[in-house]
>>> print(open('run_39.cif').read())   # mmCIF, C-alpha atoms
data_my_file
#
loop_
_atom_site.label_atom_id
_atom_site.label_comp_id
_atom_site.auth_asym_id
_atom_site.auth_seq_id
_atom_site.Cartn_x
_atom_site.Cartn_y
_atom_site.Cartn_z
CA MET A 1 -3.51 -20.68 21.81
CA SER A 2 -1.70 -19.68 18.63
CA ILE A 3 -3.01 -16.79 16.55
CA PRO A 4 -1.07 -15.67 13.46
CA LEU A 5 -0.86 -12.05 12.41
CA LEU A 6 -2.57 -13.09 9.16
CA ASP A 7 -4.00 -16.51 8.28
CA LEU A 8 -3.60 -16.96 4.54
CA GLN A 9 -4.35 -20.67 4.77
CA ALA A 10 -7.76 -19.96 6.31
CA GLN A 11 -8.52 -17.52 3.51
CA TYR A 12 -7.42 -19.99 0.82
CA LEU A 13 -9.67 -22.74 2.19
CA THR A 14 -12.75 -20.53 1.71
CA ILE A 15 -12.05 -20.19 -2.05
CA LYS A 16 -9.98 -23.31 -2.66
CA GLU A 17 -12.03 -24.79 -5.51
CA GLU A 18 -12.19 -21.50 -7.44
CA ILE A 19 -8.47 -20.84 -7.00
CA ASN A 20 -7.50 -24.35 -8.05
CA GLN A 21 -9.72 -24.17 -11.12
CA ALA A 22 -8.28 -20.79 -12.11
CA ILE A 23 -4.75 -22.17 -11.87
CA GLN A 24 -5.72 -25.26 -13.85
CA ASN A 25 -7.24 -23.09 -16.57
CA VAL A 26 -3.94 -21.27 -17.02
CA LEU A 27 -1.99 -24.53 -17.08
CA ASP A 28 -4.36 -25.91 -19.69
CA SER A 29 -3.95 -22.79 -21.82
CA SER A 30 -0.13 -22.85 -21.67
CA VAL A 31 -0.19 -19.03 -21.83
CA TYR A 32 1.87 -17.70 -18.94
CA ILE A 33 2.95 -14.13 -19.71
CA MET A 34 0.80 -11.13 -20.77
CA GLY A 35 -2.18 -13.25 -21.70
CA PRO A 36 -5.95 -12.91 -21.34
CA GLU A 37 -6.00 -13.26 -17.54
CA MET A 38 -3.70 -10.28 -17.08
CA LYS A 39 -5.55 -8.16 -19.63
CA THR A 40 -8.92 -8.95 -18.07
CA LEU A 41 -7.59 -8.26 -14.59
CA GLU A 42 -6.43 -4.83 -15.76
CA LYS A 43 -9.95 -4.02 -16.90
CA GLU A 44 -11.47 -5.34 -13.68
CA ILE A 45 -9.09 -3.39 -11.44
CA ALA A 46 -9.74 -0.19 -13.42
CA ALA A 47 -13.49 -0.71 -13.02
CA PHE A 48 -13.09 -1.47 -9.31
CA CYS A 49 -11.05 1.69 -8.70
CA GLY A 50 -13.13 3.89 -11.01
CA THR A 51 -10.29 4.76 -13.39
CA LYS A 52 -10.00 4.61 -17.17
CA ASP A 53 -6.99 2.34 -17.24
CA ALA A 54 -4.87 -0.09 -15.28
CA VAL A 55 -1.44 -1.49 -16.11
CA ALA A 56 -0.23 -4.71 -14.50
CA VAL A 57 3.42 -5.05 -13.49
CA ALA A 58 5.61 -7.49 -11.59
CA ASN A 59 5.32 -5.92 -8.12
CA GLY A 60 4.38 -2.80 -6.21
CA THR A 61 7.92 -1.43 -6.18
CA ASP A 62 8.14 -1.63 -9.97
CA ALA A 63 4.77 0.10 -10.14
CA LEU A 64 6.27 3.16 -8.43
CA VAL A 65 9.52 3.08 -10.42
CA LEU A 66 7.75 2.82 -13.78
CA THR A 67 5.29 5.58 -12.88
CA LEU A 68 8.05 7.96 -11.85
CA LYS A 69 9.96 7.08 -15.02
CA ALA A 70 6.89 7.57 -17.21
CA PHE A 71 6.41 11.04 -15.73
CA GLY A 72 9.97 11.88 -16.71
CA ILE A 73 11.22 12.23 -13.14
CA GLY A 74 14.94 11.69 -12.66
CA PRO A 75 18.27 13.23 -11.59
CA GLY A 76 17.98 16.76 -10.22
CA ASP A 77 14.31 16.35 -9.33
CA GLU A 78 12.73 16.13 -5.88
CA VAL A 79 9.74 14.01 -4.87
CA ILE A 80 7.91 14.54 -1.59
CA THR A 81 6.72 11.60 0.49
CA THR A 82 6.35 10.44 4.10
CA PRO A 83 9.06 9.00 6.36
CA PHE A 84 6.56 6.60 7.98
CA THR A 85 6.07 3.91 5.37
CA PHE A 86 7.73 0.88 3.82
CA PHE A 87 11.16 1.61 2.33
CA ALA A 88 9.98 1.23 -1.29
CA SER A 89 8.00 4.48 -1.15
CA ALA A 90 11.25 6.47 -1.04
CA GLU A 91 13.63 3.85 -2.45
CA THR A 92 11.93 4.10 -5.83
CA ILE A 93 12.45 7.86 -5.91
CA ALA A 94 16.18 7.29 -5.45
CA GLN A 95 16.17 4.48 -8.01
CA VAL A 96 15.19 6.89 -10.79
CA GLY A 97 17.88 9.32 -9.65
CA ALA A 98 15.61 11.82 -7.89
CA THR A 99 15.84 12.96 -4.26
CA PRO A 100 13.25 11.96 -1.63
CA VAL A 101 12.00 14.85 0.50
CA PHE A 102 10.09 13.94 3.64
CA VAL A 103 7.12 15.51 5.40
CA ASP A 104 6.17 14.56 8.95
CA ILE A 105 2.93 12.72 9.67
CA ASP A 106 -0.38 13.49 11.29
CA PRO A 107 -0.45 12.19 14.90
CA LEU A 108 -4.00 10.85 14.54
CA THR A 109 -3.97 9.00 11.21
CA LEU A 110 -0.18 8.57 10.72
CA ASN A 111 -0.67 9.75 7.13
CA MET A 112 1.24 12.70 5.67
CA ASP A 113 0.57 15.93 7.57
CA LEU A 114 -0.88 18.12 4.83
CA THR A 115 -0.44 21.30 6.89
CA LYS A 116 3.31 20.85 6.44
CA LEU A 117 3.32 19.73 2.81
CA GLU A 118 3.46 22.99 0.86
CA LYS A 119 6.46 24.25 2.84
CA LYS A 120 8.52 21.39 1.40
CA ILE A 121 7.92 22.35 -2.23
CA THR A 122 10.89 23.88 -4.07
CA PRO A 123 11.62 24.67 -7.73
CA LYS A 124 13.10 21.17 -7.96
CA THR A 125 9.93 19.42 -6.77
CA LYS A 126 8.25 17.39 -9.50
CA ALA A 127 5.85 15.05 -7.69
CA ILE A 128 4.20 14.09 -4.42
CA ILE A 129 3.78 10.47 -3.29
CA PRO A 130 1.25 10.33 -0.45
CA VAL A 131 0.97 6.92 1.20
CA HIS A 132 -2.39 5.58 2.42
CA ILE A 133 -0.81 3.99 5.45
CA PHE A 134 -2.33 0.81 6.89
CA GLY A 135 -5.31 1.13 4.54
CA GLN A 136 -6.62 4.60 5.48
CA MET A 137 -6.63 7.19 2.72
CA VAL A 138 -5.11 10.62 3.09
CA ASP A 139 -7.03 13.58 1.64
CA VAL A 140 -5.78 13.31 -1.96
CA GLU A 141 -8.16 16.01 -3.20
CA LYS A 142 -6.40 18.53 -0.95
CA ILE A 143 -3.04 17.27 -2.21
CA MET A 144 -4.24 17.69 -5.79
CA GLU A 145 -5.15 21.31 -5.04
CA ILE A 146 -1.67 21.96 -3.68
CA ALA A 147 -0.11 20.12 -6.63
CA ALA A 148 -2.10 22.15 -9.14
CA ARG A 149 -0.71 25.40 -7.73
CA HIS A 150 2.83 24.15 -8.32
CA ASP A 151 2.36 22.03 -11.46
CA LEU A 152 3.24 18.76 -9.69
CA LYS A 153 2.26 15.16 -10.32
CA VAL A 154 0.51 13.17 -7.58
CA ILE A 155 1.15 9.43 -7.35
CA GLU A 156 -0.95 7.69 -4.72
CA ASP A 157 1.00 4.92 -3.01
CA ALA A 158 -2.02 2.71 -2.38
CA ALA A 159 -0.06 -0.48 -1.77
CA GLN A 160 -1.98 -1.06 1.48
CA ALA A 161 -5.27 0.51 0.48
CA ILE A 162 -7.07 -1.18 -2.41
CA GLY A 163 -10.78 -0.61 -1.81
CA ALA A 164 -10.31 2.18 0.74
CA GLU A 165 -12.29 5.38 0.17
CA TYR A 166 -12.16 9.09 0.96
CA ARG A 167 -15.43 11.01 0.70
CA GLY A 168 -16.78 8.14 -1.38
CA LYS A 169 -13.90 8.04 -3.87
CA LYS A 170 -11.77 4.93 -4.16
CA ALA A 171 -8.03 4.86 -3.55
CA GLY A 172 -6.32 5.38 -6.87
CA SER A 173 -9.10 7.40 -8.48
CA ILE A 174 -8.03 10.92 -7.48
CA GLY A 175 -4.30 11.31 -8.16
CA HIS A 176 -2.67 11.48 -11.57
CA ALA A 177 -1.76 7.82 -11.01
CA ALA A 178 -1.78 5.28 -8.20
CA THR A 179 0.18 2.14 -7.47
CA PHE A 180 -0.88 -1.09 -5.80
CA SER A 181 1.00 -4.06 -4.44
CA PHE A 182 -0.34 -7.61 -4.58
CA PHE A 183 2.24 -8.99 -2.15
CA PRO A 184 0.63 -12.05 -0.51
CA THR A 185 -0.16 -10.31 2.79
CA LYS A 186 -2.04 -7.42 1.18
CA ASN A 187 -5.86 -7.27 1.35
CA LEU A 188 -5.80 -8.34 -2.30
CA GLY A 189 -2.76 -10.59 -2.32
CA ALA A 190 -1.34 -12.85 -4.99
CA TYR A 191 0.39 -16.17 -4.33
CA GLY A 192 3.67 -14.50 -5.23
CA ASP A 193 4.47 -10.95 -6.27
CA GLY A 194 2.39 -8.58 -8.34
CA GLY A 195 1.58 -4.92 -8.84
CA MET A 196 -0.74 -2.55 -10.68
CA ILE A 197 -0.84 1.08 -11.75
CA VAL A 198 -4.16 2.85 -12.32
CA THR A 199 -4.68 6.16 -14.07
CA ASN A 200 -7.09 8.28 -16.09
CA ASP A 201 -4.24 9.42 -18.34
CA GLU A 202 -4.28 7.39 -21.56
CA TYR A 203 -0.86 8.64 -22.64
CA LEU A 204 0.64 7.65 -19.29
CA ALA A 205 -0.90 4.18 -19.53
CA ALA A 206 0.62 3.72 -22.99
CA GLN A 207 4.02 4.81 -21.69
CA LEU A 208 3.77 2.38 -18.79
CA ARG A 209 2.88 -0.51 -21.08
CA MET A 210 5.92 0.28 -23.20
CA LEU A 211 8.27 0.62 -20.22
CA ARG A 212 7.16 -2.64 -18.57
CA PHE A 213 8.11 -4.59 -21.73
CA HIS A 214 11.66 -3.48 -22.55
CA GLY A 215 10.53 -0.16 -24.06
CA CYS A 216 8.53 -1.91 -26.80
CA LYS A 217 5.29 -0.88 -28.44
CA ILE A 218 5.90 -3.55 -31.09
CA LYS A 219 7.87 -6.67 -30.19
CA TYR A 220 11.57 -6.40 -31.06
CA TYR A 221 11.27 -2.65 -31.80
CA HIS A 222 12.53 -0.75 -28.75
CA ASP A 223 11.67 2.93 -28.48
CA GLU A 224 13.24 3.42 -25.04
CA ILE A 225 15.34 1.63 -22.46
CA GLY A 226 12.65 -0.12 -20.47
CA TYR A 227 12.20 -2.85 -17.89
CA ASN A 228 11.06 -6.43 -17.66
CA SER A 229 8.13 -6.06 -15.29
CA ARG A 230 5.12 -8.17 -16.16
CA LEU A 231 2.43 -9.82 -14.06
CA ASP A 232 2.27 -13.50 -14.95
CA GLU A 233 -0.95 -15.27 -15.90
CA LEU A 234 -1.08 -17.53 -12.83
CA GLN A 235 -1.01 -14.55 -10.47
CA ALA A 236 -3.52 -12.66 -12.59
CA ALA A 237 -5.92 -15.60 -12.54
CA ILE A 238 -5.60 -15.92 -8.77
CA LEU A 239 -6.15 -12.20 -8.27
CA ARG A 240 -9.24 -12.24 -10.48
CA VAL A 241 -10.83 -14.83 -8.18
CA LYS A 242 -9.86 -12.94 -5.04
CA LEU A 243 -11.00 -9.58 -6.40
CA ARG A 244 -14.59 -10.87 -6.40
CA TYR A 245 -14.37 -11.23 -2.61
CA LEU A 246 -12.40 -8.10 -1.82
CA ASP A 247 -15.30 -5.85 -0.76
CA VAL A 248 -16.61 -8.55 1.59
CA TRP A 249 -13.15 -9.16 3.04
CA ASN A 250 -12.54 -5.44 3.54
CA GLU A 251 -15.88 -5.11 5.31
CA GLY A 252 -14.86 -8.06 7.48
CA ARG A 253 -11.70 -6.26 8.50
CA ARG A 254 -13.69 -3.15 9.36
CA ASP A 255 -15.97 -5.29 11.52
CA LYS A 256 -12.97 -6.75 13.37
CA ALA A 257 -11.54 -3.27 13.85
CA LYS A 258 -14.82 -2.08 15.40
CA VAL A 259 -14.73 -4.98 17.83
CA TYR A 260 -11.18 -4.11 18.84
CA ASP A 261 -12.12 -0.45 19.22
CA GLN A 262 -14.78 -1.46 21.74
CA LEU A 263 -12.75 -4.10 23.56
CA LEU A 264 -9.71 -1.84 23.92
CA ALA A 265 -11.51 1.43 24.66
CA ASP A 266 -10.36 1.33 28.29
CA ALA A 267 -6.97 -0.27 27.69
CA ALA A 268 -3.64 1.51 28.21
CA VAL A 269 -3.00 1.64 24.48
CA GLN A 270 -3.92 4.05 21.69
CA ILE A 271 -6.21 2.45 19.12
CA PRO A 272 -5.90 3.46 15.44
CA GLY A 273 -7.03 7.01 14.76
CA ARG A 274 -9.51 7.55 11.96
CA ASP A 275 -10.24 10.47 9.67
CA PRO A 276 -14.07 10.74 9.69
CA GLN A 277 -14.02 11.36 5.92
CA ALA A 278 -12.16 8.10 5.28
CA LEU A 279 -13.41 4.54 4.91
CA PRO A 280 -10.37 2.43 5.87
CA ILE A 281 -9.76 -1.20 4.95
CA TYR A 282 -7.50 -1.96 7.93
CA HIS A 283 -4.68 -3.65 6.07
CA LEU A 284 -3.17 -3.54 9.54
CA TYR A 285 -4.68 -2.74 12.92
CA VAL A 286 -1.90 -0.81 14.61
CA LEU A 287 -1.87 0.09 18.29
CA ARG A 288 0.45 2.60 19.88
CA THR A 289 1.91 2.25 23.34
CA GLU A 290 4.85 3.52 25.38
CA GLU A 291 5.26 -0.03 26.72
CA ARG A 292 5.59 -1.75 23.35
CA SER A 293 8.36 -4.18 24.26
CA VAL A 294 6.47 -5.32 27.34
CA LEU A 295 3.26 -5.81 25.36
CA MET A 296 5.08 -7.67 22.61
CA GLU A 297 6.52 -10.15 25.08
CA ARG A 298 3.15 -10.65 26.74
CA LEU A 299 1.47 -11.37 23.41
CA LYS A 300 4.32 -13.62 22.27
CA ALA A 301 4.16 -15.65 25.48
CA ALA A 302 0.44 -16.23 24.85
CA GLY A 303 1.02 -17.31 21.24
CA VAL A 304 -0.36 -14.14 19.63
CA ALA A 305 1.65 -12.93 16.67
CA ASN A 306 2.43 -9.23 16.45
CA ALA A 307 4.77 -7.02 14.44
CA ILE A 308 6.35 -3.58 14.43
CA TYR A 309 5.41 -1.27 11.55
CA TYR A 310 7.91 0.42 11.25
CA PRO A 311 10.99 0.21 13.50
CA VAL A 312 13.00 2.99 11.79
CA PRO A 313 11.59 6.03 9.96
CA LEU A 314 12.93 6.44 6.44
CA HIS A 315 14.88 9.63 7.10
CA LEU A 316 16.99 7.75 9.67
CA GLN A 317 17.68 4.71 7.50
CA LYS A 318 21.37 4.14 6.75
CA ALA A 319 20.68 4.17 3.02
CA PHE A 320 19.40 7.76 3.24
CA ARG A 321 22.17 9.06 5.51
CA PRO A 322 23.63 11.15 2.63
CA LEU A 323 20.42 13.24 2.67
CA GLY A 324 21.57 14.73 5.97
CA TYR A 325 18.51 14.15 8.13
CA LYS A 326 18.92 13.69 11.89
CA VAL A 327 16.97 12.53 14.91
CA GLY A 328 14.29 15.07 15.75
CA ASP A 329 13.64 16.24 12.19
CA PHE A 330 10.29 14.43 12.04
CA PRO A 331 9.26 13.87 15.66
CA VAL A 332 5.77 12.48 15.04
CA ALA A 333 7.06 9.80 12.68
CA GLU A 334 9.91 8.99 15.05
CA LYS A 335 7.49 8.59 17.97
CA ALA A 336 5.21 6.37 15.89
CA CYS A 337 8.15 4.10 15.07
CA GLU A 338 8.82 3.76 18.79
CA GLN A 339 5.20 2.96 19.68
CA ALA A 340 3.41 1.23 16.78
CA LEU A 341 2.47 -2.44 17.05
CA ALA A 342 0.22 -4.44 14.74
CA ILE A 343 -2.03 -7.17 16.12
CA PRO A 344 -4.05 -9.81 14.22
CA CYS A 345 -6.97 -8.34 12.25
CA TYR A 346 -8.48 -10.26 9.34
CA PRO A 347 -11.92 -11.60 8.40
CA GLU A 348 -11.27 -15.17 9.57
CA LEU A 349 -10.41 -14.03 13.10
CA SER A 350 -13.08 -15.15 15.56
CA LEU A 351 -14.75 -13.01 18.22
CA GLU A 352 -13.39 -15.40 20.86
CA GLN A 353 -9.87 -14.86 19.58
CA GLN A 354 -10.33 -11.10 19.62
CA ARG A 355 -11.55 -11.22 23.19
CA GLU A 356 -8.53 -13.29 24.19
CA ILE A 357 -6.17 -10.86 22.49
CA ALA A 358 -7.84 -7.87 24.13
CA ALA A 359 -7.60 -9.54 27.55
CA ILE A 360 -3.87 -10.11 27.06
CA ILE A 361 -3.35 -6.50 26.02
CA LYS A 362 -5.18 -5.28 29.10
CA GLY A 363 -2.98 -7.51 31.20
#
>>> encode(input="run_39.cif", output="structure tokens")
Amino acid sequence: MSIPLLDLQAQYLTIKEEINQAIQNVLDSSVYIMGPEMKTLEKEIAAFCGTKDAVAVANGTDALVLTLKAFGIGPGDEVITTPFTFFASAETIAQVGATPVFVDIDPLTLNMDLTKLEKKITPKTKAIIPVHIFGQMVDVEKIMEIAARHDLKVIEDAAQAIGAEYRGKKAGSIGHAATFSFFPTKNLGAYGDGGMIVTNDEYLAAQLRMLRFHGCKIKYYHDEIGYNSRLDELQAAILRVKLRYLDVWNEGRRDKAKVYDQLLADAAVQIPGRDPQALPIYHLYVLRTEERSVLMERLKAAGVANAIYYPVPLHLQKAFRPLGYKVGDFPVAEKACEQALAIPCYPELSLEQQREIAAIIKG
């Protein structure tokens, strides 16, 4: 038995003809950068998320950098985020010259603990970047209430959460802006890199479009120092095909998660916690266990892929050592990094495979 953590080949085979035709259409057009596929994808993503606008960029990291830059955030400013996430969530804050400030996480959902958020706000705070970890949304409406009291911007890091909902509202539709990643392993993944920013702020969208193209509103006339961050036509065409299937695929992941929840109910592991107000998309199905290394070896020996998300919390990363954080500052996040383990969970996974995986986990 060999079960990958994610089977992109299996997914591709279900839409092979449509994908190949979309690629061929771009090749026939000979338009490869900022063409009709990208512009149409922007409209489709905005409609999907329920926002007025969407701006395509080269990757999810650029999406965060450009959004911070467009909001005027830079040296001397602070931006609050979570220590339990991929490095880019805080790296981008540092890239614009601002200082990341961390808030510990909720032990059930592993999202930012909102009971601890307001205590971290100082006169230097300019924005909050909540992360919808593993595809489950945090309560952004509550964050927006806190932000409004302190005149802060809220940027949803929805890299893992396209299609997720909270009280019926889609990820990306509540904050001042939201960023998505189309890295190949995401629920909506390109066949390369890609990113998107969604917003209801028309001025912000215009700023983002200028920044992504060397600070230009008109070609060769540069209003600001910008970036070269554009989603190419091939990736846009591929994403347009895949977007049509996203709701079905997300529902498939939820179905697989329900099966795991039942199969592992009596296992010596903690299954993913869920906020009852949230509709997750299970970008990852992450268990927690004190015996992670033992379980990893058992799964590996049986040919079942697994992965740690994340081995080191951001406040303890070497790159952030100058911030002065130490072990014990964010105990919930630190414990999660010691216990979390992702197992295969995707629509193409069979019930038989899930039963085999569950049996291995139970030992």
>>> resolve_selection(input="run_39.cif", expression="the PyMOL selection byres ((chain A and resi 352) around 12)", output="list of chain:residue names")
A:Met1, A:Ile3, A:Lys256, A:Val259, A:Tyr260, A:Leu263, A:Glu348, A:Leu349, A:Ser350, A:Leu351, A:Gln353, A:Gln354, A:Arg355, A:Glu356, A:Ile357, A:Ala358, A:Ala359
>>> atom_distance(input="run_39.cif", atom1="CA of His132 in chain A", atom2="CA of Ile73 in chain A")
21.7 Å
>>> atom_distance(input="run_39.cif", atom1="CA of Pro347 in chain A", atom2="CA of Arg253 in chain A")
5.3 Å
>>> resolve_selection(input="run_39.cif", expression="the PyMOL selection byres ((chain A and resi 186-190) around 8)", output="list of chain:residue names")
A:Ala159, A:Gln160, A:Ala161, A:Ile162, A:Ser181, A:Phe182, A:Phe183, A:Pro184, A:Thr185, A:Tyr191, A:Gly192, A:Asp193, A:Gly194, A:Gln235, A:Ala236, A:Ile238, A:Leu239, A:Lys242, A:Leu243, A:Leu246, A:Trp249, A:Asn250, A:His283
>>> closest_atom_pairs(input="run_39.cif", of="range 240-285 of chain A", to="range 330-343 of chain A", cutoff="12 Å", atoms="all atoms listed in the file", output="JSON lines")
{"residue": "A:Lys256", "atom": "CA", "partner": "A:Ile343", "partner_atom": "CA", "distance": 11.3}
{"residue": "A:Ala257", "atom": "CA", "partner": "A:Ile343", "partner_atom": "CA", "distance": 10.5}
{"residue": "A:Tyr260", "atom": "CA", "partner": "A:Ile343", "partner_atom": "CA", "distance": 10.0}
{"residue": "A:Val269", "atom": "CA", "partner": "A:Gln339", "partner_atom": "CA", "distance": 9.6}
{"residue": "A:Gln270", "atom": "CA", "partner": "A:Ala340", "partner_atom": "CA", "distance": 9.3}
{"residue": "A:Ile271", "atom": "CA", "partner": "A:Ala340", "partner_atom": "CA", "distance": 10.0}
{"residue": "A:Pro272", "atom": "CA", "partner": "A:Ala340", "partner_atom": "CA", "distance": 9.7}
{"residue": "A:Tyr282", "atom": "CA", "partner": "A:Ala342", "partner_atom": "CA", "distance": 10.6}
{"residue": "A:His283", "atom": "CA", "partner": "A:Ala342", "partner_atom": "CA", "distance": 10.0}
{"residue": "A:Leu284", "atom": "CA", "partner": "A:Ala342", "partner_atom": "CA", "distance": 6.3}
{"residue": "A:Tyr285", "atom": "CA", "partner": "A:Ala342", "partner_atom": "CA", "distance": 5.5}
>>> resolve_selection(input="run_39.cif", expression="the PyMOL selection byres ((chain A and resi 81) around 6)", output="VMD selection string")
chain A and resid 80 82 102 129 to 130
>>> closest_residue(input="run_39.cif", among="A:Ala267, A:Cys345, A:Gly195, A:Pro280", to="Ala305 in chain A", atoms="all atoms listed in the file")
A:Cys345
>>> residues_around(input="run_39.cif", residues="Tyr325 in chain A", least_positions_apart="4", cutoff="10 Å", atoms="all atoms listed in the file", output="list in words")
Phe102, Leu314, His315, Leu316, Gln317, Phe320, Arg321, Asp329 and Phe330 of chain A
